[in-house]
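K.L.:
Structure file input.cif (mmCIF, C-alpha atoms and all ligand atoms) right here:
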data_model
loop_
_atom_site.label_atom_id
_atom_site.label_comp_id
_atom_site.auth_asym_id
_atom_site.auth_seq_id
_atom_site.Cartn_x
_atom_site.Cartn_y
_atom_site.Cartn_z
CA MET A 1 82.19 113.60 112.81
CA ILE A 2 82.79 110.73 115.21
CA GLN A 3 79.06 109.95 114.89
CA LYS A 4 79.37 109.87 111.10
CA LEU A 5 82.39 107.57 111.36
CA ILE A 6 80.50 105.20 113.68
CA SER A 7 77.37 105.25 111.55
CA ASN A 8 79.42 104.57 108.39
CA ILE A 9 81.12 101.64 110.16
CA GLN A 10 77.75 100.25 111.27
CA LYS A 11 76.26 100.69 107.82
CA THR A 12 79.12 98.96 105.98
CA LYS A 13 79.91 96.46 108.79
CA ALA A 14 83.50 97.20 107.92
CA PRO A 15 85.75 98.61 110.67
CA ILE A 16 88.40 99.50 108.14
CA VAL A 17 90.06 102.47 106.48
CA VAL A 18 91.56 102.42 103.02
CA GLY A 19 94.86 104.27 103.06
CA LEU A 20 95.24 106.36 99.93
CA ASP A 21 99.06 106.42 99.85
CA PRO A 22 99.74 106.52 96.10
CA MET A 23 103.35 106.01 94.96
CA LEU A 24 104.16 106.28 91.26
CA ASN A 25 105.65 102.80 91.26
CA TYR A 26 102.29 101.25 92.30
CA ILE A 27 100.39 103.05 89.57
CA PRO A 28 99.68 100.90 86.53
CA GLN A 29 101.52 101.96 83.38
CA GLN A 30 98.32 102.72 81.44
CA VAL A 31 97.28 105.30 84.06
CA LYS A 32 100.72 106.94 84.02
CA ASP A 33 100.91 106.89 80.20
CA LYS A 34 97.60 108.73 79.91
CA ALA A 35 98.58 111.35 82.47
CA PHE A 36 102.03 111.85 80.93
CA GLN A 37 100.52 112.18 77.45
CA GLU A 38 98.44 115.06 78.68
CA PHE A 39 100.90 116.78 81.02
CA GLY A 40 104.31 115.30 80.12
CA GLU A 41 106.65 113.61 82.58
CA THR A 42 106.22 116.53 84.96
CA LEU A 43 105.08 117.07 88.52
CA GLU A 44 101.68 117.89 87.07
CA GLY A 45 101.70 114.61 85.14
CA ALA A 46 102.57 112.70 88.31
CA ALA A 47 99.82 114.49 90.24
CA GLU A 48 97.29 113.67 87.52
CA ALA A 49 98.36 110.00 87.63
CA ILE A 50 97.90 109.74 91.42
CA TRP A 51 94.54 111.48 91.24
CA GLN A 52 93.24 109.16 88.49
CA TYR A 53 94.58 106.12 90.37
CA ASN A 54 92.87 107.22 93.61
CA LYS A 55 89.63 107.97 91.81
CA GLU A 56 89.44 104.48 90.32
CA ILE A 57 90.16 102.86 93.70
CA VAL A 58 87.55 105.01 95.43
CA ASP A 59 84.97 104.30 92.69
CA CYS A 60 85.56 100.57 93.11
CA THR A 61 85.43 100.49 96.95
CA TYR A 62 83.44 103.40 98.39
CA ASP A 63 80.23 101.41 98.93
CA LEU A 64 82.10 98.85 101.08
CA ILE A 65 84.06 101.17 103.36
CA PRO A 66 83.42 103.86 105.94
CA ALA A 67 86.55 105.97 105.59
CA VAL A 68 89.79 106.71 103.77
CA LYS A 69 93.11 108.00 105.00
CA PRO A 70 95.16 109.92 102.45
CA GLN A 71 98.77 110.20 103.65
CA ILE A 72 99.89 113.71 102.74
CA ALA A 73 103.58 112.84 102.23
CA MET A 74 102.72 110.81 99.15
CA TYR A 75 101.22 113.96 97.59
CA GLU A 76 103.63 116.50 99.02
CA GLN A 77 106.57 114.86 97.24
CA PHE A 78 105.13 116.27 94.01
CA GLY A 79 104.99 119.82 95.38
CA ILE A 80 102.06 122.14 94.74
CA GLU A 81 100.63 119.85 92.05
CA GLY A 82 100.68 116.96 94.51
CA MET A 83 98.90 119.05 97.10
CA LYS A 84 96.19 119.86 94.56
CA ALA A 85 95.77 116.11 93.98
CA PHE A 86 95.50 115.68 97.78
CA LYS A 87 92.73 118.28 97.95
CA LYS A 88 90.89 116.78 94.95
CA THR A 89 91.09 113.38 96.65
CA VAL A 90 89.72 114.73 99.95
CA ASP A 91 86.80 116.46 98.19
CA TYR A 92 86.00 113.48 95.99
CA CYS A 93 85.95 111.04 98.90
CA LYS A 94 83.68 113.36 100.88
CA SER A 95 81.32 113.61 97.90
CA LYS A 96 81.09 109.79 98.04
CA GLY A 97 79.98 109.93 101.70
CA LEU A 98 83.31 108.73 103.09
CA VAL A 99 84.90 110.06 106.27
CA VAL A 100 88.33 111.48 105.43
CA ILE A 101 91.19 111.11 107.88
CA GLY A 102 93.98 113.45 106.79
CA ASP A 103 97.15 111.63 107.74
CA VAL A 104 99.19 114.78 108.26
CA LYS A 105 100.90 113.95 111.60
CA ARG A 106 101.17 117.58 112.66
CA GLY A 107 102.00 119.05 116.06
CA ASP A 108 104.20 122.00 117.02
CA ILE A 109 104.30 124.90 119.47
CA GLY A 110 100.82 126.25 120.17
CA SER A 111 100.68 129.07 117.62
CA THR A 112 101.98 126.84 114.84
CA SER A 113 99.63 123.99 115.77
CA ALA A 114 96.78 126.50 115.61
CA ALA A 115 97.70 127.31 111.99
CA TYR A 116 97.93 123.60 111.09
CA ALA A 117 94.54 123.01 112.71
CA THR A 118 93.03 125.93 110.80
CA GLY A 119 94.39 124.70 107.48
CA HIS A 120 93.40 121.06 107.83
CA LEU A 121 90.25 121.09 109.97
CA GLY A 122 89.11 124.65 110.42
CA LYS A 123 88.42 127.86 108.53
CA VAL A 124 90.91 130.53 107.61
CA GLN A 125 89.92 134.19 107.61
CA VAL A 126 90.92 136.23 104.57
CA GLY A 127 89.68 139.78 105.00
CA SER A 128 85.92 139.55 105.28
CA LYS A 129 85.79 136.00 103.92
CA THR A 130 86.44 132.58 105.43
CA TYR A 131 87.69 129.48 103.64
CA SER A 132 88.04 125.81 104.54
CA ALA A 133 91.40 125.07 102.97
CA PHE A 134 91.88 121.29 103.11
CA ASP A 135 88.77 120.44 105.12
CA GLU A 136 89.47 116.85 106.17
CA ASP A 137 87.16 115.32 108.82
CA PHE A 138 89.93 114.03 111.09
CA ALA A 139 93.66 114.66 111.26
CA THR A 140 96.48 112.61 112.75
CA VAL A 141 98.60 114.58 115.22
CA ASN A 142 101.83 114.04 117.11
CA PRO A 143 101.51 114.70 120.87
CA TYR A 144 105.18 114.52 121.74
CA LEU A 145 105.47 118.33 122.02
CA GLY A 146 103.00 118.26 124.93
CA SER A 147 99.52 119.64 125.62
CA ASP A 148 100.05 123.07 124.10
CA GLY A 149 100.74 121.39 120.76
CA ILE A 150 97.43 119.49 120.95
CA LYS A 151 95.02 122.03 122.51
CA PRO A 152 94.72 124.23 119.38
CA PHE A 153 93.64 121.15 117.41
CA MET A 154 91.08 120.31 120.09
CA GLU A 155 89.68 123.85 119.99
CA VAL A 156 89.15 123.66 116.23
CA CYS A 157 87.60 120.19 116.55
CA LYS A 158 85.11 121.47 119.14
CA GLU A 159 84.09 124.36 116.86
CA GLU A 160 83.94 122.39 113.65
CA LYS A 161 82.74 119.00 115.00
CA LYS A 162 85.82 117.32 113.61
CA GLY A 163 88.24 114.88 115.22
CA LEU A 164 91.81 113.79 115.87
CA PHE A 165 93.80 110.60 116.00
CA ILE A 166 96.75 111.19 118.33
CA LEU A 167 99.87 109.04 117.96
CA VAL A 168 100.22 106.89 121.07
CA LYS A 169 102.15 103.76 120.04
CA THR A 170 103.27 103.68 116.43
CA SER A 171 103.56 100.57 114.28
CA ASN A 172 107.16 100.96 113.08
CA PRO A 173 110.00 98.67 114.23
CA SER A 174 111.87 101.32 116.26
CA SER A 175 108.79 102.89 117.87
CA GLY A 176 109.90 101.48 121.22
CA GLU A 177 113.15 103.44 121.20
CA PHE A 178 111.42 106.38 122.85
CA GLN A 179 107.75 105.38 123.25
CA ASP A 180 108.46 102.31 125.44
CA GLN A 181 110.80 104.11 127.85
CA LEU A 182 109.72 103.55 131.44
CA ILE A 183 109.00 106.56 133.59
CA ASN A 184 108.38 105.58 137.22
CA GLY A 185 107.72 102.07 135.95
CA LYS A 186 105.18 103.11 133.33
CA PRO A 187 105.89 103.14 129.59
CA LEU A 188 105.70 106.53 127.95
CA TYR A 189 103.08 105.36 125.43
CA GLU A 190 100.78 104.45 128.33
CA MET A 191 101.19 107.91 129.85
CA VAL A 192 100.31 109.41 126.47
CA GLY A 193 97.30 107.05 126.29
CA GLU A 194 96.11 108.33 129.68
CA LYS A 195 96.45 111.89 128.42
CA VAL A 196 94.44 111.03 125.28
CA ALA A 197 91.68 109.60 127.51
CA GLN A 198 91.69 112.82 129.56
CA TRP A 199 91.58 115.07 126.49
CA GLY A 200 88.88 112.79 125.10
CA GLU A 201 86.61 113.40 128.10
CA GLU A 202 86.42 117.07 127.07
CA CYS A 203 85.34 116.15 123.56
CA MET A 204 82.64 113.52 123.84
CA GLY A 205 80.22 112.46 121.10
CA ASP A 206 77.36 110.14 122.17
CA GLN A 207 79.41 107.08 123.23
CA TYR A 208 82.87 107.82 121.89
CA SER A 209 85.11 110.82 122.01
CA TYR A 210 86.14 112.59 118.85
CA ILE A 211 89.68 112.56 120.19
CA GLY A 212 91.04 109.17 119.15
CA ALA A 213 94.42 107.48 119.24
CA VAL A 214 96.78 105.72 116.84
CA VAL A 215 98.12 102.35 118.00
CA GLY A 216 99.96 100.06 115.57
CA ALA A 217 98.55 96.64 114.65
CA THR A 218 102.09 95.33 115.04
CA TYR A 219 101.90 95.67 118.85
CA PRO A 220 98.74 93.73 119.81
CA GLU A 221 99.66 93.26 123.49
CA MET A 222 100.13 96.98 123.93
CA GLY A 223 96.89 97.54 122.03
CA LYS A 224 95.08 95.39 124.60
CA VAL A 225 96.41 97.52 127.48
CA LEU A 226 95.73 100.79 125.68
CA ARG A 227 92.15 99.75 124.86
CA LYS A 228 91.48 99.70 128.62
CA VAL A 229 93.40 102.93 129.26
CA MET A 230 91.29 104.81 126.67
CA PRO A 231 87.87 103.08 126.74
CA LYS A 232 86.02 105.94 125.03
CA SER A 233 88.61 106.74 122.37
CA TYR A 234 88.42 105.36 118.87
CA ILE A 235 91.71 103.68 117.96
CA LEU A 236 93.07 104.00 114.43
CA VAL A 237 95.11 100.85 113.88
CA PRO A 238 97.66 101.02 111.04
CA GLY A 239 100.01 98.15 110.23
CA TYR A 240 97.55 95.61 108.83
CA GLY A 241 98.70 93.79 105.70
CA ALA A 242 101.95 95.20 104.32
CA GLN A 243 103.44 95.63 107.83
CA GLY A 244 102.35 92.17 108.96
CA GLY A 245 99.22 92.80 111.10
CA LYS A 246 96.41 90.20 110.78
CA GLY A 247 92.77 90.11 111.91
CA ALA A 248 93.47 87.69 114.75
CA ASP A 249 95.99 90.15 116.27
CA LEU A 250 93.47 92.94 116.36
CA VAL A 251 90.52 91.72 118.38
CA HIS A 252 91.69 93.36 121.61
CA PHE A 253 91.81 96.78 119.97
CA PHE A 254 87.99 96.60 119.84
CA ASN A 255 85.55 97.11 122.72
CA GLU A 256 82.92 94.53 123.64
CA ASP A 257 80.36 96.50 121.60
CA GLY A 258 82.38 95.59 118.46
CA LEU A 259 83.23 99.29 118.05
CA GLY A 260 86.18 101.39 119.13
CA ALA A 261 88.74 100.54 116.45
CA ILE A 262 89.23 101.15 112.78
CA VAL A 263 91.99 99.28 110.97
CA ASN A 264 93.97 100.87 108.14
CA SER A 265 95.56 99.18 105.18
CA SER A 266 97.21 101.22 102.46
CA ARG A 267 99.56 99.25 100.17
CA GLY A 268 97.66 96.03 100.90
CA ILE A 269 94.56 97.52 99.26
CA ILE A 270 95.69 100.08 96.73
CA ALA A 271 98.46 97.91 95.28
CA ALA A 272 96.54 94.65 95.66
CA TYR A 273 96.79 93.92 91.93
CA LYS A 274 100.54 93.42 92.42
CA GLN A 275 99.99 90.58 94.91
CA GLU A 276 99.90 87.01 93.66
CA LYS A 277 96.53 86.51 95.35
CA TYR A 278 94.90 89.17 93.16
CA ALA A 279 97.10 88.78 90.07
CA LYS A 280 94.17 87.46 88.04
CA TYR A 281 92.75 90.99 87.87
CA GLY A 282 95.90 92.29 86.17
CA ALA A 283 97.06 95.92 86.12
CA GLU A 284 94.13 96.71 83.81
CA HIS A 285 91.58 95.98 86.56
CA PHE A 286 93.52 97.28 89.57
CA GLY A 287 90.39 98.82 91.07
CA GLU A 288 88.62 95.46 91.14
CA ALA A 289 91.68 93.91 92.77
CA SER A 290 91.43 96.59 95.48
CA ARG A 291 87.75 95.81 95.92
CA ALA A 292 88.53 92.09 96.39
CA ALA A 293 91.27 92.98 98.91
CA VAL A 294 88.81 95.15 100.86
CA GLU A 295 86.30 92.27 100.96
CA ASP A 296 88.98 89.87 102.20
CA MET A 297 90.20 92.30 104.87
CA VAL A 298 86.67 92.89 106.17
CA THR A 299 86.01 89.14 106.32
CA ASP A 300 89.31 88.51 108.12
CA ILE A 301 88.62 91.13 110.80
CA ASN A 302 84.93 90.29 111.27
CA GLN A 303 85.67 86.56 111.55
CA ALA A 304 88.35 87.25 114.15
CA LEU A 305 85.85 89.39 116.10
CA GLU A 306 83.19 86.68 115.93
CA ASN A 307 85.65 84.04 117.16
CA ARG A 308 87.02 86.00 120.09
O1 LIG B 1 99.22 107.56 111.59
C1 LIG B 1 99.27 106.60 110.82
O2 LIG B 1 98.36 106.37 110.04
C2 LIG B 1 100.37 105.64 110.96
C3 LIG B 1 100.86 105.45 112.24
C4 LIG B 1 101.69 104.35 112.50
O3 LIG B 1 102.04 104.08 113.64
N1 LIG B 1 102.04 103.54 111.48
C5 LIG B 1 101.64 103.77 110.18
O4 LIG B 1 101.97 102.94 109.31
N2 LIG B 1 100.85 104.85 109.91
C6 LIG B 1 100.47 105.16 108.50
O5 LIG B 1 99.62 104.10 108.03
C7 LIG B 1 99.92 103.79 106.65
C8 LIG B 1 100.38 102.35 106.57
O6 LIG B 1 100.55 101.96 105.24
P1 LIG B 1 100.66 100.43 104.80
O7 LIG B 1 101.78 99.84 105.59
O8 LIG B 1 100.97 100.51 103.34
O9 LIG B 1 99.35 99.78 105.10
C9 LIG B 1 100.94 104.83 106.21
O10 LIG B 1 100.22 105.93 105.68
C10 LIG B 1 101.62 105.26 107.50
O11 LIG B 1 102.10 106.59 107.43
#
With the file now loaded, output its structure as structure tokens.
Ligand SMILES: O=C(O)c1cc(=O)[nH]c(=O)n1[C@@H]1O[C@H](COP(=O)(O)O)[C@@H](O)[C@H]1O
P.N.:
Amino acid sequence: MIQKLISNIQKTKAPIVVGLDPMLNYIPQQVKDKAFQEFGETLEGAAEAIWQYNKEIVDCTYDLIPAVKPQIAMYEQFGIEGMKAFKKTVDYCKSKGLVVIGDVKRGDIGSTSAAYATGHLGKVQVGSKTYSAFDEDFATVNPYLGSDGIKPFMEVCKEEKKGLFILVKTSNPSSGEFQDQLINGKPLYEMVGEKVAQWGEECMGDQYSYIGAVVGATYPEMGKVLRKVMPKSYILVPGYGAQGGKGADLVHFFNEDGLGAIVNSSRGIIAAYKQEKYAKYGAEHFGEASRAAVEDMVTDINQALENR
């Protein structure tokens, strides 16, 4: 799957991920009205609205982008119906040739991680039959339980040719509270980065490992250090746009080959029509506003890379 991600990035010349994080308050009224007419103001109605919203955004952007990252919490809040919308979104994006990064941030004791890995990346055995339940291409995982929480995910990735993005340094304001703590003079996030590089060696594609890392766009100096600590790991970089990250901050997350990083924007793309810059599209043409925001993001990052 890492090869497919790289080839999609090369084909689109767009090292970006569109984050499919639908919230009801971003969804234009006409989309909600239609869904509520059919299903009422119910969890099912909400799930239908987020699915229709996602579908329009994907239809308007899929030819420009290599990958999407649905964040499961946005679906889970609507219970079973939301989870069905998550699965429909995963399948639809895959049918459009996109790589799907399930932003599920799992990680637990070994046996529980194994079940998470089976459900999201692997196959579950039911009697004589096997099923791929969610079947994303990559999943985000939390390494702070230690190696035995990560190994079951790696095993499934090896079998299924899938991949991981392991949280190393997160984009949020208080990420330093624990992640920046010094241990024998070294920050914890750097130790985790070294571990990701080690795990990555066991799981190599052609040039890059299918064990990647998550490093927030909001910490560019740390990104520069971590790039060197994990030279063969793809870095998923969230925090662009709504959290303040800009193209110029991101150049050091990339390797000299122009590869090695993929930058996520969620609200900045899917709710672009709400920004003044894209207001001319109006809520009616929210998908076109998202397309314009994708084009601007790609230009911003590629220009920054050219100027470095
Ligand atoms: O794993 C992630 O994707 C992630 C890690 C991190 O450090 N920071 C972070 O924002 N994210 C996710 O990236 C997305 C960012 O959304 P926007 O701020 O709207 O672009 C959300 O889905 C977050 O859950």
K.L.:
Return the single residue from A:Glu56, A:Asp257, A:Asp103, A:Glu44 that is closest to ligand LIG 1 (chain B), with distances computed using all atoms listed in the file.
P.N.:
A:Asp103
K.L.:
Have a look at A:Phe254, A:Tyr210, A:Tyr219, A:Tyr144 and name the one nearest to ligand LIG 1 (chain B); count all atoms listed in the file.
P.N.:
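Looking only at the distances to ligand LIG 1 (chain B), the closest residue turns out to be A:Tyr219.
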K.L.:
So which one's closest to ligand LIG 1 (chain B), A:Arg106, A:Arg267, A:Lys84, A:Lys123? Using only C-alpha atoms and all ligand atoms, please.
P.N.:
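Checking each of A:Arg106, A:Arg267, A:Lys84, A:Lys123 against ligand LIG 1 (chain B), counting only C-alpha atoms and all ligand atoms, the winner is A:Arg267.
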K.L.:
Can you list, as a PDB file with C-alpha atoms, keeping the file's coordinate frame, every protein, DNA or RNA residue that comes within 7 Å of Ile211 (chain A) when you count all atoms listed in the file, leaving out same-chain residues fewer than 5 positions away?
P.N.:
ATOM      1  CA  GLY A 163      88.240 114.880 115.220  1.00  0.00           C
ATOM      2  CA  LEU A 164      91.810 113.790 115.870  1.00  0.00           C
ATOM      3  CA  PHE A 165      93.800 110.600 116.000  1.00  0.00           C
ATOM      4  CA  GLY A 200      88.880 112.790 125.100  1.00  0.00           C
ATOM      5  CA  CYS A 203      85.340 116.150 123.560  1.00  0.00           C
ATOM      6  CA  SER A 233      88.610 106.740 122.370  1.00  0.00           C
TER       7      SER A 233
END
K.L.:
Please report, as CSV, each residue of chain A lying at most 9 Å from ligand LIG 1 (chain B), together with the nearest pair of atoms and the separation in Å rounded to one decimal; use only C-alpha atoms and all ligand atoms, and order rows by chain and ascending residue number.
P.N.:
residue,atom,partner,partner_atom,distance
A:Val18,CA,B:LIG1,O9,8.5
A:Gly19,CA,B:LIG1,O10,6.2
A:Leu20,CA,B:LIG1,O10,7.6
A:Asp21,CA,B:LIG1,O10,6.0
A:Lys69,CA,B:LIG1,O10,7.4
A:Pro70,CA,B:LIG1,O10,7.2
A:Gln71,CA,B:LIG1,O10,4.9
A:Ile72,CA,B:LIG1,O10,8.3
A:Ala73,CA,B:LIG1,O11,8.3
A:Met74,CA,B:LIG1,O10,8.5
A:Ile101,CA,B:LIG1,O2,8.9
A:Gly102,CA,B:LIG1,O2,8.9
A:Asp103,CA,B:LIG1,O2,5.9
A:Val104,CA,B:LIG1,O1,8.0
A:Lys105,CA,B:LIG1,O1,6.6
A:Thr140,CA,B:LIG1,O1,5.9
A:Val141,CA,B:LIG1,O1,7.9
A:Asn142,CA,B:LIG1,O1,8.9
A:Phe165,CA,B:LIG1,O1,7.6
A:Ile166,CA,B:LIG1,O1,8.0
A:Leu167,CA,B:LIG1,O1,6.6
A:Val168,CA,B:LIG1,O3,8.1
A:Lys169,CA,B:LIG1,O3,6.4
A:Thr170,CA,B:LIG1,O3,3.1
A:Ser171,CA,B:LIG1,O3,3.9
A:Asn172,CA,B:LIG1,N1,6.0
A:Ser175,CA,B:LIG1,O3,8.1
A:Val214,CA,B:LIG1,O1,6.1
A:Val215,CA,B:LIG1,O3,6.1
A:Gly216,CA,B:LIG1,O3,4.9
A:Ala217,CA,B:LIG1,O3,8.3
A:Thr218,CA,B:LIG1,O3,8.9
A:Leu236,CA,B:LIG1,O2,7.3
A:Val237,CA,B:LIG1,O2,7.5
A:Pro238,CA,B:LIG1,O5,4.7
A:Gly239,CA,B:LIG1,O7,5.2
A:Tyr240,CA,B:LIG1,O9,5.9
A:Gly241,CA,B:LIG1,O9,6.1
A:Ala242,CA,B:LIG1,O7,4.8
A:Gln243,CA,B:LIG1,O7,5.0
A:Gly244,CA,B:LIG1,O7,8.4
A:Asn264,CA,B:LIG1,O9,6.3
A:Ser265,CA,B:LIG1,O9,3.8
A:Ser266,CA,B:LIG1,O9,3.7
A:Arg267,CA,B:LIG1,O8,3.7
A:Gly268,CA,B:LIG1,O9,5.9
A:Ile269,CA,B:LIG1,O9,7.9
A:Ile270,CA,B:LIG1,O8,8.5
A:Ala271,CA,B:LIG1,O8,8.8
K.L.:
Dump as a tab-separated table the rows for residues of region 187-291 of chain A within 12 Å of region 31-43 of chain A: closest atom pair and distance in Å with one decimal, all atoms listed in the file counted, ordered by chain and rising residue number.
P.N.:
residue	atom	partner	partner_atom	distance
A:Ala283	CA	A:Val31	CA	9.6
A:Glu284	CA	A:Val31	CA	9.2
A:His285	CA	A:Val31	CA	11.2
A:Phe286	CA	A:Val31	CA	10.4
A:Gly287	CA	A:Val31	CA	11.8
K.L.:
Which residue, A:Gly245, A:Pro173, A:Gly149, A:Gly212, has the smallest gap to Ser111 (chain A) when you use all atoms listed in the file?
P.N.:
A:Gly149
K.L.:
Between CA of Lys232 (chain A) and CA of Tyr62 (chain A), measure the distance and give it in Å to one decimal.
P.N.:
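Rounded to one decimal, the two atoms are 26.9 Å apart.
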K.L.:
Could you work out how far CA of His120 (chain A) lies from CA of Phe134 (chain A), giving the answer in Å with one decimal?
P.N.:
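Separation between CA of Phe134 (chain A) and CA of His120 (chain A): 5.0 Å.
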K.L.:
For Trp199 (chain A), please output as a count of residues only all residues within 9 Å (counting only C-alpha atoms; exclusion window: fewer than 6 positions along the same chain).
P.N.:
4
K.L.:
Have a look at A:Lys246, A:Ile150, A:Arg227, A:Phe138 and name the one nearest to Thr299 (chain A); count only C-alpha atoms.
P.N.:
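Among the listed residues, A:Lys246 lies closest to Thr299 (chain A).
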K.L.:
Can you work out the spacing between CA of Glu136 (chain A) and CA of Met23 (chain A) in Å, to one decimal?
P.N.:
20.9 Å
K.L.:
Considering all atoms listed in the file, state which residue in the set A:Glu202, A:Gly258, A:Ala292, A:Leu305 is at the smallest distance from Leu64 (chain A).
P.N.:
A:Ala292
K.L.:
What residues have an atom no more than 8 Å from (92.8, 91.1, 120.2) in the file's own frame, counting all atoms listed in the file, and can you write them as an MDAnalysis selection string?
P.N.:
chainID A and resid 220:221 223:224 248:254 308
K.L.:
For a cutoff of 12 Å around the file-coordinate point (78.1, 110.9, 98.8), which residues qualify once you count only C-alpha atoms? I'd like the result as number ranges by chain.
P.N.:
A: 8, 58-59, 62-63, 66-67, 91-99
